[in-house]
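entry_18.cif, holding mmCIF, C-alpha atoms and all ligand atoms:
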```
data_coords
#
loop_
_atom_site.label_atom_id
_atom_site.label_comp_id
_atom_site.auth_asym_id
_atom_site.auth_seq_id
_atom_site.Cartn_x
_atom_site.Cartn_y
_atom_site.Cartn_z
CA MET A 28 -64.62 -25.80 -36.90
CA SER A 29 -66.45 -23.10 -38.87
CA THR A 30 -70.20 -23.38 -39.43
CA SER A 31 -69.71 -24.03 -43.13
CA ALA A 32 -67.25 -26.84 -42.45
CA VAL A 33 -69.82 -28.46 -40.13
CA GLU A 34 -72.48 -28.12 -42.84
CA TRP A 35 -70.17 -29.68 -45.41
CA LYS A 36 -69.36 -32.57 -43.12
CA GLN A 37 -73.07 -33.10 -42.68
CA GLY A 38 -73.80 -32.97 -46.42
CA ALA A 39 -76.10 -35.99 -46.55
CA GLY A 40 -75.25 -38.34 -49.38
CA ALA A 41 -72.37 -36.21 -50.61
CA PRO A 42 -69.51 -38.11 -52.27
CA GLU A 43 -66.38 -38.83 -50.24
CA TRP A 44 -64.20 -36.48 -52.32
CA TYR A 45 -66.62 -33.69 -51.46
CA THR A 46 -66.77 -34.09 -47.69
CA ALA A 47 -63.04 -34.79 -47.47
CA GLY A 48 -61.95 -31.93 -49.72
CA LEU A 49 -64.30 -29.07 -48.97
CA PRO A 50 -62.80 -28.15 -45.61
CA HIS A 51 -59.62 -27.31 -47.54
CA ILE A 52 -61.19 -25.12 -50.19
CA TRP A 53 -61.53 -21.32 -50.11
CA LEU A 54 -64.48 -20.35 -52.28
CA PRO A 55 -64.65 -17.34 -54.65
CA TYR A 56 -66.53 -14.19 -53.62
CA ALA A 57 -67.81 -15.90 -50.49
CA GLN A 58 -67.94 -15.23 -46.77
CA MET A 59 -66.80 -18.70 -45.78
CA ALA A 60 -68.53 -18.58 -42.39
CA THR A 61 -71.98 -18.13 -43.89
CA ALA A 62 -71.78 -19.21 -47.56
CA ARG A 63 -73.95 -22.13 -48.50
CA PRO A 64 -71.91 -25.14 -49.53
CA PRO A 65 -71.33 -25.41 -53.29
CA LEU A 66 -73.13 -28.05 -55.31
CA PRO A 67 -71.05 -31.16 -56.08
CA VAL A 68 -70.90 -31.52 -59.88
CA VAL A 69 -69.95 -34.82 -61.49
CA ARG A 70 -70.63 -34.13 -65.15
CA THR A 71 -71.58 -31.47 -67.67
CA ASP A 72 -73.28 -31.96 -70.99
CA GLY A 73 -74.59 -29.33 -73.41
CA CYS A 74 -76.46 -26.87 -71.21
CA ARG A 75 -76.80 -29.30 -68.30
CA ILE A 76 -74.89 -29.55 -65.05
CA VAL A 77 -75.23 -32.99 -63.42
CA LEU A 78 -74.96 -33.15 -59.63
CA ALA A 79 -73.61 -35.99 -57.50
CA ASP A 80 -77.11 -36.93 -56.36
CA GLY A 81 -78.22 -37.32 -59.98
CA ARG A 82 -80.09 -34.01 -60.33
CA GLU A 83 -79.64 -32.17 -63.62
CA LEU A 84 -79.67 -28.39 -63.66
CA ILE A 85 -80.19 -26.28 -66.77
CA ASP A 86 -77.32 -23.81 -66.80
CA GLY A 87 -78.47 -20.20 -67.17
CA ILE A 88 -75.07 -18.51 -67.07
CA ALA A 89 -72.66 -20.76 -68.99
CA SER A 90 -70.00 -20.88 -66.28
CA TRP A 91 -69.40 -17.16 -65.89
CA TRP A 92 -70.16 -16.56 -69.61
CA THR A 93 -67.49 -18.87 -70.99
CA ALA A 94 -69.26 -21.98 -72.33
CA CYS A 95 -70.78 -20.34 -75.40
CA HIS A 96 -71.09 -23.64 -77.33
CA GLY A 97 -72.42 -25.53 -74.31
CA TYR A 98 -70.30 -27.94 -72.32
CA ASN A 99 -68.30 -30.85 -73.79
CA HIS A 100 -68.66 -29.83 -77.42
CA SER A 101 -67.28 -32.79 -79.37
CA HIS A 102 -65.28 -30.61 -81.79
CA ILE A 103 -63.42 -28.82 -78.98
CA ARG A 104 -62.93 -32.04 -77.06
CA ALA A 105 -61.40 -33.79 -80.07
CA ALA A 106 -59.04 -30.87 -80.72
CA VAL A 107 -57.87 -30.80 -77.10
CA GLU A 108 -57.42 -34.59 -77.04
CA ARG A 109 -55.29 -34.48 -80.19
CA GLN A 110 -53.23 -31.67 -78.76
CA LEU A 111 -52.77 -33.47 -75.44
CA VAL A 112 -51.13 -36.39 -77.20
CA ARG A 113 -48.83 -34.26 -79.34
CA LEU A 114 -47.87 -31.21 -77.30
CA PRO A 115 -49.75 -30.21 -74.13
CA HIS A 116 -47.54 -27.24 -73.30
CA VAL A 117 -44.21 -25.66 -74.10
CA MET A 118 -42.91 -22.39 -72.72
CA PHE A 119 -43.46 -19.48 -75.08
CA GLY A 120 -40.07 -17.87 -74.44
CA GLY A 121 -37.82 -18.83 -77.36
CA LEU A 122 -40.30 -21.45 -78.62
CA ALA A 123 -43.43 -21.21 -80.74
CA HIS A 124 -46.13 -23.69 -81.66
CA GLU A 125 -48.69 -23.94 -84.39
CA GLY A 126 -51.78 -23.52 -82.20
CA ALA A 127 -50.70 -20.17 -80.77
CA LEU A 128 -49.52 -18.68 -84.08
CA THR A 129 -52.62 -19.87 -85.89
CA LEU A 130 -54.84 -18.48 -83.16
CA ALA A 131 -53.03 -15.13 -83.21
CA ARG A 132 -53.44 -14.93 -86.99
CA ARG A 133 -57.13 -15.82 -86.77
CA LEU A 134 -57.86 -13.33 -83.99
CA ALA A 135 -56.09 -10.57 -85.92
CA ALA A 136 -58.18 -11.41 -88.99
CA LEU A 137 -61.44 -11.38 -87.02
CA LEU A 138 -60.82 -8.17 -85.10
CA PRO A 139 -61.51 -4.86 -86.83
CA GLY A 140 -58.91 -2.29 -87.88
CA ASP A 141 -55.25 -2.98 -87.27
CA LEU A 142 -55.57 -4.90 -84.00
CA GLU A 143 -52.79 -7.16 -85.20
CA ARG A 144 -50.48 -8.16 -82.33
CA VAL A 145 -51.66 -10.74 -79.84
CA PHE A 146 -50.11 -11.15 -76.39
CA PHE A 147 -51.41 -14.28 -74.67
CA SER A 148 -51.96 -14.80 -70.96
CA GLU A 149 -54.14 -17.06 -68.87
CA SER A 150 -56.85 -14.96 -67.26
CA GLY A 151 -58.93 -11.91 -67.93
CA SER A 152 -57.49 -9.92 -65.04
CA VAL A 153 -53.96 -10.52 -66.31
CA ALA A 154 -54.98 -9.52 -69.84
CA VAL A 155 -56.19 -6.21 -68.37
CA GLU A 156 -52.95 -5.77 -66.40
CA ILE A 157 -51.01 -6.30 -69.62
CA ALA A 158 -53.18 -3.81 -71.51
CA MET A 159 -52.53 -1.19 -68.81
CA LYS A 160 -48.82 -1.93 -68.76
CA MET A 161 -48.68 -1.66 -72.57
CA ALA A 162 -50.48 1.67 -72.47
CA VAL A 163 -48.20 3.20 -69.83
CA GLN A 164 -45.07 1.96 -71.57
CA PHE A 165 -46.39 3.13 -74.94
CA TRP A 166 -45.92 6.72 -73.69
CA LEU A 167 -42.61 6.06 -71.94
CA ASN A 168 -41.21 4.47 -75.10
CA ARG A 169 -42.18 7.61 -76.97
CA GLY A 170 -40.27 9.70 -74.44
CA ILE A 171 -43.40 11.10 -72.78
CA HIS A 172 -43.35 10.81 -68.99
CA GLY A 173 -46.09 11.16 -66.40
CA ARG A 174 -48.92 9.41 -68.25
CA THR A 175 -49.56 6.67 -65.72
CA LYS A 176 -53.24 7.02 -64.90
CA PHE A 177 -56.37 5.71 -66.56
CA VAL A 178 -59.90 6.90 -66.95
CA ALA A 179 -62.33 4.07 -66.22
CA PHE A 180 -66.02 4.13 -65.40
CA LYS A 181 -68.56 3.79 -62.65
CA GLY A 182 -70.24 0.40 -62.98
CA GLY A 183 -67.08 -1.05 -64.52
CA TYR A 184 -65.37 -4.29 -63.58
CA HIS A 185 -62.01 -5.40 -64.96
CA GLY A 186 -60.75 -8.12 -62.62
CA ASP A 187 -59.37 -8.92 -59.21
CA THR A 188 -55.61 -8.39 -59.52
CA THR A 189 -54.19 -5.20 -58.07
CA GLY A 190 -53.93 -3.15 -61.25
CA ALA A 191 -57.32 -4.31 -62.49
CA MET A 192 -58.97 -3.69 -59.11
CA ALA A 193 -57.84 -0.08 -59.30
CA VAL A 194 -59.89 0.55 -62.47
CA CYS A 195 -63.08 -1.13 -61.23
CA ASP A 196 -65.95 0.90 -59.87
CA PRO A 197 -64.76 1.49 -56.31
CA ASP A 198 -68.22 0.63 -54.94
CA SER A 199 -69.83 -1.99 -57.20
CA GLY A 200 -66.44 -3.43 -58.14
CA MET A 201 -66.20 -5.38 -54.86
CA HIS A 202 -62.83 -3.92 -53.87
CA ALA A 203 -63.87 -0.95 -51.72
CA LEU A 204 -61.80 -2.22 -48.77
CA PHE A 205 -58.59 -1.78 -50.72
CA GLY A 206 -59.29 1.77 -51.87
CA GLY A 207 -56.40 3.34 -49.99
CA LEU A 208 -53.87 0.78 -51.18
CA LEU A 209 -54.61 0.87 -54.89
CA PRO A 210 -53.11 3.22 -57.47
CA GLN A 211 -55.51 6.13 -57.94
CA HIS A 212 -57.15 6.51 -61.34
CA PHE A 213 -60.06 8.61 -62.56
CA ILE A 214 -63.38 6.78 -62.25
CA ALA A 215 -65.87 8.82 -64.27
CA ASP A 216 -69.49 8.57 -65.34
CA LEU A 217 -69.91 7.11 -68.81
CA PRO A 218 -70.52 10.02 -71.22
CA ARG A 219 -74.18 9.25 -71.92
CA ASP A 220 -75.59 12.77 -71.95
CA ALA A 221 -74.52 16.40 -72.18
CA GLN A 222 -73.67 16.67 -68.49
CA SER A 223 -71.54 13.52 -68.19
CA THR A 224 -69.85 14.29 -71.53
CA ALA A 225 -68.99 17.80 -70.33
CA ALA A 226 -67.61 16.37 -67.07
CA LEU A 227 -65.38 13.93 -68.97
CA THR A 228 -64.23 16.67 -71.33
CA ALA A 229 -63.36 18.91 -68.36
CA LEU A 230 -61.42 16.07 -66.72
CA LEU A 231 -59.45 15.39 -69.90
CA ASP A 232 -58.81 19.09 -70.52
CA ARG A 233 -57.29 19.40 -67.05
CA ARG A 234 -55.50 16.09 -66.61
CA ALA A 235 -54.78 14.52 -70.04
CA GLY A 236 -51.05 14.92 -69.42
CA GLU A 237 -51.31 12.36 -66.58
CA ILE A 238 -53.49 9.90 -68.46
CA ALA A 239 -52.29 6.92 -70.51
CA GLY A 240 -55.67 5.83 -71.76
CA ILE A 241 -59.39 5.27 -71.31
CA LEU A 242 -60.56 1.76 -70.39
CA VAL A 243 -64.13 0.60 -70.88
CA GLU A 244 -66.26 -2.53 -71.27
CA PRO A 245 -68.04 -1.74 -74.54
CA LEU A 246 -71.88 -1.90 -74.63
CA VAL A 247 -72.30 -4.00 -71.46
CA GLN A 248 -70.66 -3.48 -68.08
CA GLY A 249 -70.93 -7.08 -66.87
CA ALA A 250 -69.96 -7.89 -63.30
CA GLY A 251 -70.67 -4.29 -62.23
CA GLY A 252 -74.40 -4.89 -62.75
CA MET A 253 -75.09 -5.94 -66.35
CA LEU A 254 -75.48 -2.27 -67.29
CA PHE A 255 -76.00 -1.40 -70.95
CA HIS A 256 -75.00 1.71 -72.85
CA GLU A 257 -75.42 2.97 -76.39
CA ALA A 258 -72.76 2.77 -79.09
CA ALA A 259 -72.77 6.59 -79.05
CA VAL A 260 -70.91 6.43 -75.72
CA LEU A 261 -68.07 4.57 -77.42
CA HIS A 262 -67.95 7.07 -80.28
CA THR A 263 -67.70 9.86 -77.71
CA LEU A 264 -64.80 8.03 -76.06
CA ARG A 265 -63.05 7.44 -79.38
CA ASP A 266 -63.42 11.13 -80.27
CA ALA A 267 -62.16 12.18 -76.83
CA THR A 268 -59.11 9.91 -77.03
CA ASN A 269 -58.34 11.15 -80.53
CA ARG A 270 -58.68 14.76 -79.43
CA HIS A 271 -56.47 14.35 -76.37
CA ASN A 272 -54.11 11.85 -77.97
CA LEU A 273 -54.89 9.03 -75.49
CA LEU A 274 -55.15 5.29 -76.00
CA LEU A 275 -58.59 3.66 -76.01
CA ILE A 276 -58.77 0.19 -74.45
CA PHE A 277 -61.83 -2.03 -74.82
CA ASP A 278 -62.21 -4.81 -72.28
CA GLU A 279 -64.22 -7.39 -74.25
CA ILE A 280 -63.60 -10.21 -71.81
CA PHE A 281 -67.35 -10.45 -71.21
CA THR A 282 -68.72 -9.05 -74.47
CA GLY A 283 -66.35 -10.78 -76.91
CA PHE A 284 -67.32 -13.77 -79.05
CA GLY A 285 -70.93 -13.05 -79.82
CA ARG A 286 -72.41 -12.35 -76.39
CA THR A 287 -73.98 -9.00 -77.30
CA GLY A 288 -75.08 -10.07 -80.80
CA SER A 289 -72.05 -9.33 -82.96
CA LEU A 290 -68.75 -11.19 -82.80
CA PHE A 291 -67.23 -8.30 -80.85
CA ALA A 292 -69.07 -5.37 -79.29
CA CYS A 293 -66.64 -2.95 -80.95
CA MET A 294 -67.93 -4.15 -84.33
CA ALA A 295 -71.54 -3.43 -83.45
CA ALA A 296 -70.49 0.00 -82.24
CA GLY A 297 -68.28 0.68 -85.26
CA VAL A 298 -65.42 1.85 -83.02
CA VAL A 299 -61.90 0.43 -83.19
CA PRO A 300 -59.91 0.63 -79.94
CA ASP A 301 -56.11 0.77 -79.71
CA ILE A 302 -55.97 -2.28 -77.44
CA ILE A 303 -58.57 -4.98 -76.78
CA THR A 304 -58.69 -7.67 -74.09
CA LEU A 305 -60.31 -11.06 -74.66
CA SER A 306 -60.81 -14.16 -72.51
CA LYS A 307 -63.84 -16.09 -71.14
CA ALA A 308 -65.49 -17.51 -74.31
CA LEU A 309 -62.15 -17.50 -76.17
CA THR A 310 -61.77 -21.25 -75.51
CA GLY A 311 -65.50 -21.95 -75.47
CA GLY A 312 -65.27 -22.38 -71.71
CA THR A 313 -62.85 -25.29 -71.86
CA LEU A 314 -59.48 -24.01 -70.68
CA PRO A 315 -58.10 -20.77 -69.28
CA LEU A 316 -56.68 -18.40 -71.90
CA ALA A 317 -56.68 -14.65 -72.48
CA ALA A 318 -55.35 -12.28 -75.09
CA THR A 319 -54.38 -8.62 -75.12
CA VAL A 320 -54.40 -7.48 -78.73
CA ALA A 321 -52.58 -4.29 -79.68
CA SER A 322 -52.92 -2.11 -82.74
CA THR A 323 -49.95 -1.51 -85.00
CA LYS A 324 -49.55 1.98 -83.51
CA VAL A 325 -49.16 0.54 -80.01
CA PHE A 326 -46.86 -2.28 -81.12
CA ASP A 327 -44.66 0.07 -83.12
CA ALA A 328 -43.86 2.07 -79.97
CA PHE A 329 -42.11 -1.05 -78.61
CA TRP A 330 -40.19 -1.82 -81.84
CA SER A 331 -36.61 -0.73 -81.24
CA ASP A 332 -33.05 -1.94 -80.89
CA ASP A 333 -33.21 -0.77 -77.26
CA PRO A 334 -33.97 -3.70 -74.89
CA GLN A 335 -35.42 -1.20 -72.39
CA ARG A 336 -38.32 -0.64 -74.76
CA ALA A 337 -39.41 -4.28 -74.76
CA LEU A 338 -42.62 -5.35 -73.05
CA MET A 339 -41.28 -7.18 -70.01
CA HIS A 340 -44.08 -9.63 -69.47
CA GLY A 341 -44.34 -13.39 -69.94
CA PRO A 342 -46.71 -15.53 -67.88
CA THR A 343 -45.38 -19.09 -67.45
CA TYR A 344 -48.41 -20.67 -69.10
CA MET A 345 -48.93 -18.03 -71.78
CA ALA A 346 -50.23 -19.46 -75.06
CA ASN A 347 -50.73 -22.87 -73.44
CA ALA A 348 -51.04 -25.30 -76.34
CA LEU A 349 -54.11 -27.12 -75.00
CA ALA A 350 -55.89 -23.81 -74.47
CA CYS A 351 -54.92 -22.61 -77.96
CA ALA A 352 -56.25 -25.85 -79.46
CA ALA A 353 -59.54 -25.29 -77.64
CA ALA A 354 -59.67 -21.66 -78.82
CA ASN A 355 -58.96 -22.59 -82.44
CA ALA A 356 -61.69 -25.23 -82.27
CA SER A 357 -64.05 -22.68 -80.74
CA LEU A 358 -63.35 -20.27 -83.62
CA ASP A 359 -64.06 -23.15 -86.07
CA LEU A 360 -67.49 -23.46 -84.48
CA PHE A 361 -68.17 -19.76 -84.94
CA GLU A 362 -67.32 -20.29 -88.62
CA VAL A 363 -69.35 -23.43 -89.30
CA GLU A 364 -72.27 -23.19 -86.91
CA PRO A 365 -74.80 -20.32 -86.93
CA ARG A 366 -73.80 -18.81 -83.58
CA LEU A 367 -74.76 -15.20 -84.23
CA ARG A 368 -78.17 -16.30 -85.57
CA GLN A 369 -78.60 -18.35 -82.41
CA VAL A 370 -77.76 -15.28 -80.31
CA ALA A 371 -80.35 -13.23 -82.22
CA ALA A 372 -82.97 -15.94 -81.58
CA ILE A 373 -82.06 -16.01 -77.89
CA ALA A 374 -82.43 -12.22 -77.73
CA THR A 375 -85.94 -12.42 -79.20
CA ALA A 376 -86.89 -15.21 -76.82
CA LEU A 377 -85.49 -13.35 -73.80
CA GLU A 378 -87.44 -10.20 -74.72
CA GLN A 379 -90.68 -12.16 -74.78
CA GLY A 380 -89.98 -14.63 -71.99
CA LEU A 381 -88.81 -12.10 -69.40
CA ALA A 382 -91.44 -9.47 -70.28
CA PRO A 383 -93.91 -10.58 -67.54
CA CYS A 384 -91.30 -9.52 -64.96
CA ARG A 385 -91.67 -5.90 -66.07
CA ARG A 386 -95.00 -5.58 -64.28
CA MET A 387 -93.84 -7.17 -61.04
CA ARG A 388 -93.44 -5.35 -57.76
CA GLY A 389 -89.84 -4.52 -56.93
CA VAL A 390 -88.63 -4.87 -60.55
CA LYS A 391 -86.76 -1.74 -61.65
CA ASP A 392 -85.84 -2.79 -65.16
CA VAL A 393 -85.86 -5.69 -67.60
CA ARG A 394 -83.33 -5.43 -70.42
CA VAL A 395 -81.91 -7.64 -73.13
CA MET A 396 -78.90 -7.33 -75.40
CA GLY A 397 -77.91 -10.36 -77.47
CA ALA A 398 -77.73 -13.40 -75.22
CA VAL A 399 -77.83 -11.30 -72.05
CA GLY A 400 -81.16 -11.02 -70.25
CA VAL A 401 -81.31 -8.91 -67.10
CA ILE A 402 -83.89 -8.29 -64.42
CA GLU A 403 -82.85 -5.51 -62.10
CA LEU A 404 -84.62 -5.43 -58.76
CA ASP A 405 -84.96 -2.72 -56.12
CA ARG A 406 -83.10 -5.02 -53.78
CA ILE A 407 -82.39 -8.67 -53.07
CA ASP A 408 -82.62 -9.33 -49.33
CA ASP A 409 -81.30 -12.88 -49.14
CA ILE A 410 -79.27 -13.70 -52.21
CA GLU A 411 -78.21 -17.15 -51.02
CA SER A 412 -81.85 -18.20 -50.53
CA LEU A 413 -82.75 -16.86 -53.97
CA ARG A 414 -79.93 -18.85 -55.55
CA ALA A 415 -81.05 -21.98 -53.68
CA ARG A 416 -84.64 -21.39 -54.82
CA PHE A 417 -83.51 -21.52 -58.46
CA VAL A 418 -81.60 -24.73 -57.85
CA ALA A 419 -84.69 -26.25 -56.22
CA GLU A 420 -86.50 -25.47 -59.48
CA GLY A 421 -83.84 -27.27 -61.54
CA VAL A 422 -81.90 -24.32 -62.94
CA PHE A 423 -78.49 -22.84 -62.18
CA ILE A 424 -78.77 -19.06 -62.06
CA ARG A 425 -76.56 -16.90 -59.87
CA PRO A 426 -78.03 -13.49 -59.05
CA PHE A 427 -75.64 -10.85 -57.72
CA GLY A 428 -76.13 -7.37 -56.30
CA THR A 429 -79.66 -6.42 -57.33
CA THR A 430 -79.54 -8.37 -60.58
CA VAL A 431 -80.98 -11.66 -61.77
CA TYR A 432 -79.58 -12.45 -65.19
CA LEU A 433 -79.40 -15.10 -67.89
CA THR A 434 -76.36 -15.54 -70.14
CA PRO A 435 -76.93 -19.03 -71.51
CA ALA A 436 -74.86 -20.99 -74.00
CA PHE A 437 -75.70 -19.95 -77.56
CA THR A 438 -76.55 -23.58 -78.30
CA ILE A 439 -79.28 -23.80 -75.67
CA SER A 440 -82.44 -25.46 -77.00
CA ALA A 441 -85.71 -23.55 -77.20
CA ASP A 442 -87.18 -25.82 -74.50
CA GLU A 443 -84.27 -25.32 -72.13
CA LEU A 444 -84.37 -21.57 -72.61
CA ALA A 445 -88.14 -21.56 -72.06
CA MET A 446 -87.62 -23.51 -68.84
CA LEU A 447 -85.00 -21.02 -67.64
CA MET A 448 -87.24 -18.05 -68.38
CA SER A 449 -90.43 -19.53 -66.92
CA THR A 450 -88.51 -20.39 -63.75
CA VAL A 451 -87.22 -16.83 -63.48
CA VAL A 452 -90.74 -15.48 -63.98
CA LYS A 453 -92.16 -17.93 -61.41
CA VAL A 454 -89.52 -17.24 -58.75
CA MET A 455 -89.66 -13.47 -59.30
CA GLY A 456 -93.46 -13.65 -58.98
CA GLU A 457 -93.12 -15.24 -55.53
CA ARG A 458 -91.35 -12.22 -54.08
C1 LIG A 501 -65.04 -7.37 -68.38
C2 LIG A 501 -64.18 -8.25 -67.52
N1 LIG A 501 -62.87 -7.99 -67.43
C3 LIG A 501 -62.03 -8.75 -66.71
C4 LIG A 501 -62.51 -9.84 -65.99
C5 LIG A 501 -61.57 -10.68 -65.18
O1 LIG A 501 -61.43 -11.92 -65.77
P1 LIG A 501 -60.83 -13.17 -64.93
O2 LIG A 501 -61.89 -13.52 -63.94
O3 LIG A 501 -60.60 -14.21 -65.96
O4 LIG A 501 -59.58 -12.70 -64.29
C6 LIG A 501 -63.88 -10.14 -66.05
C7 LIG A 501 -64.42 -11.26 -65.29
O5 LIG A 501 -65.59 -11.34 -65.03
C8 LIG A 501 -64.73 -9.32 -66.83
O6 LIG A 501 -66.04 -9.56 -66.93
#
```

Produce structure tokens that represent the structure in this file.
Ligand SMILES: Cc1ncc(COP(=O)(O)O)c(C=O)c1O
Amino acid sequence: MSTSAVEWKQGAGAPEWYTAGLPHIWLPYAQMATARPPLPVVRTDGCRIVLADGRELIDGIASWWTACHGYNHSHIRAAVERQLVRLPHVMFGGLAHEGALTLARRLAALLPGDLERVFFSESGSVAVEIAMKMAVQFWLNRGIHGRTKFVAFKGGYHGDTTGAMAVCDPDSGMHALFGGLLPQHFIADLPRDAQSTAALTALLDRRAGEIAGILVEPLVQGAGGMLFHEAAVLHTLRDATNRHNLLLIFDEIFTGFGRTGSLFACMAAGVVPDIITLSKALTGGTLPLAATVASTKVFDAFWSDDPQRALMHGPTYMANALACAAANASLDLFEVEPRLRQVAAIATALEQGLAPCRRMRGVKDVRVMGAVGVIELDRIDDIESLRARFVAEGVFIRPFGTTVYLTPAFTISADELAMLMSTVVKVMGER
């Protein structure tokens, strides 16, 4: 039996479902032989995670940035319950339902420009795959062959499926092992200064005929290290794609729905992409759902009486009715509750609350954008111990790489946020 299985079996006081089930679970992003056992959760409420032994943790990361209204919001719950009784799911081939069509209409109205056509799927990685497939076929449908590659960026992360892995940063993107097996794209430096802009221009001048589009996480590269860039970078990319007649794809799976301070990062930047991907906070963290939204120009390239020009994609659970009900309810909350004001208040609090870390040994940078607060360290020697230290202090924060970060629910109370920040400052000060 592996060490971790022994540890799980020994989990003092753990519920029966936990000890019986854990030996059959394969955990995400974990070396199973050495990973610490996960915490058994029995309930969530607002910004709290309740453990089987009765401990309550304040959640600092909103379940991988999804639960933007906190957990168990009564409005979302009621919508999902109503939907469950009436129509939990129907296939989307040949059938349509109100939740999906209403959600598509609402997303199109919220997004800038003519991002009008919504293709639903069930995870962020798949939404990215679909965006890439759309972009490649966009050129084929126009009779232009050979444009099968993408330009993506160092520090970028777009998911764990094969196509998405191939556009992640080959080093920080966690998929270095697979390098040789993946389709080869161009992974460039973001055009932040004269040198990197010249390098991108040179690449496009030489290779544009092979390139379908440029793919970027606007304003914040999330899982690649919570790296920020200026809106000017996105303007440079829009200009470059216009000049070379390429598609521009924004992956807003992390940044979408208020996280960086505006509803979508593309709005803050004032740049409209040709395709945008959304997921994570789309359902307020309740159910899995993703969307790839295409501009009219992209959609029109598929509009034909030739069946070969259709987009041949259709995940079994696409536009799941429960997930669409949750997403519509989540959008209601953005309309009726002051989410973007809450994000602005969180940003101010994070700036002040994390500031003491700036002077600490081993801290390279402290940065805040919207409801994203980041402390970048020179190194983290024992990440599992650091994570456990936070739990011991009553907070759930999950550092990765060299980064300790907070991405709380927008509804977090001032006291809960203060507790998260003072714990970060305390634990960082112990290093
Ligand atoms: C920007 C971005 N794109 C894509 C993904 C992949 O999403 P999923 O984990 O739902 O497949 C993530 C997940 O962290 C992400 O942050």

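Among the candidate residues A:Arg63, A:His340, A:Arg104, A:Arg386, the one lying nearest to A:Met161 is A:His340, with distances computed using all atoms listed in the file.
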
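The interatomic distance for the pair atom C6 of ligand LIG 501 (chain A) and atom CA of A:Gly186 works out to 5.1 Å.
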
*Using only C-alpha atoms and all ligand atoms, determine which residues fall within 9 Å of ligand LIG 501 (chain A), then list them as a PyMOL selection string.*
chain A and resi 91-92+149-155+183-188+191+243-245+247-251+277-282+304-307+315-317

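Reported to one decimal place, the separation of atom CA of A:Arg394 from atom CA of A:Gln379 is 10.9 Å.
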
*For A:Ile157, which residue out of A:Phe329, A:Ala221, A:Thr310, A:Gly341 is the nearest one, using only C-alpha atoms?*
A:Gly341

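Residue nearest A:Ile214 within the list A:Met448, A:Leu231, A:Ala179, A:Leu309: A:Ala179 [criterion: smallest interatomic distance, only C-alpha atoms].
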
*Could you give me, as JSON, numbers by chain, the residues that have an atom at most 7 Å away from the point (-57.1, -0.7, -55.2) in the coordinates of the file, using all atoms listed in the file?*
{"A": [189, 192, 193, 202, 205, 206, 207, 208, 209, 210]}

For A:Glu403: contacts at 7 Å, all atoms listed in the file, fewer than 4 positions along chain excluded, given as an mmCIF file with C-alpha atoms, in the frame of the given file:
```cif
data_model
loop_
_atom_site.group_PDB
_atom_site.id
_atom_site.type_symbol
_atom_site.label_atom_id
_atom_site.label_comp_id
_atom_site.auth_asym_id
_atom_site.auth_seq_id
_atom_site.Cartn_x
_atom_site.Cartn_y
_atom_site.Cartn_z
ATOM 1 C CA VAL A 390 -88.630 -4.870 -60.550
ATOM 2 C CA LYS A 391 -86.760 -1.740 -61.650
ATOM 3 C CA ASP A 392 -85.840 -2.790 -65.160
ATOM 4 C CA VAL A 393 -85.860 -5.690 -67.600
ATOM 5 C CA THR A 429 -79.660 -6.420 -57.330
ATOM 6 C CA THR A 430 -79.540 -8.370 -60.580
ATOM 7 C CA VAL A 431 -80.980 -11.660 -61.770
#
```

*Name the residues within 7 Å of (-56.7, 8.7, -72.7), counting all atoms listed in the file in the file's coordinates, and put them as number ranges by chain.*
A: 177-178, 235, 238-241, 268, 271-275

*Between A:Asp196, A:Asp266, A:Asp301, A:Asp72, single out the one closest to A:Asp216, counting only C-alpha atoms.*
A:Asp196

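Counting all atoms listed in the file, the residue from A:Gly236, A:Pro426, A:Pro50, A:Gly311 that sits nearest to A:Ile171 is A:Gly236.
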
_Distance in Å - atom CA of A:Ser223 versus atom CA of A:Ser289_ = 27.2 Å

Using the block above, I'd like stretch 204-208 of chain A written out, keeping N, CA, C and O atoms and formatting it as a compact mmCIF listing (two decimals), in the first residue's frame.
```
# COMPACT_ATOMS: atom_id res chain seq x y z
N LEU A 204 6.79 17.50 -19.55
CA LEU A 204 7.03 16.10 -19.91
C LEU A 204 6.52 15.74 -21.29
O LEU A 204 7.05 14.86 -21.96
N PHE A 205 5.44 16.40 -21.70
CA PHE A 205 4.75 16.01 -22.93
C PHE A 205 5.23 16.78 -24.15
O PHE A 205 4.69 16.59 -25.24
N GLY A 206 6.23 17.65 -23.91
CA GLY A 206 6.69 18.55 -24.97
C GLY A 206 6.73 17.91 -26.35
O GLY A 206 6.13 18.41 -27.30
N GLY A 207 7.43 16.77 -26.44
CA GLY A 207 7.64 16.14 -27.73
C GLY A 207 6.38 15.61 -28.38
O GLY A 207 6.33 15.42 -29.60
N LEU A 208 5.36 15.37 -27.59
CA LEU A 208 4.14 14.76 -28.13
C LEU A 208 3.11 15.77 -28.61
O LEU A 208 2.19 15.45 -29.36
```
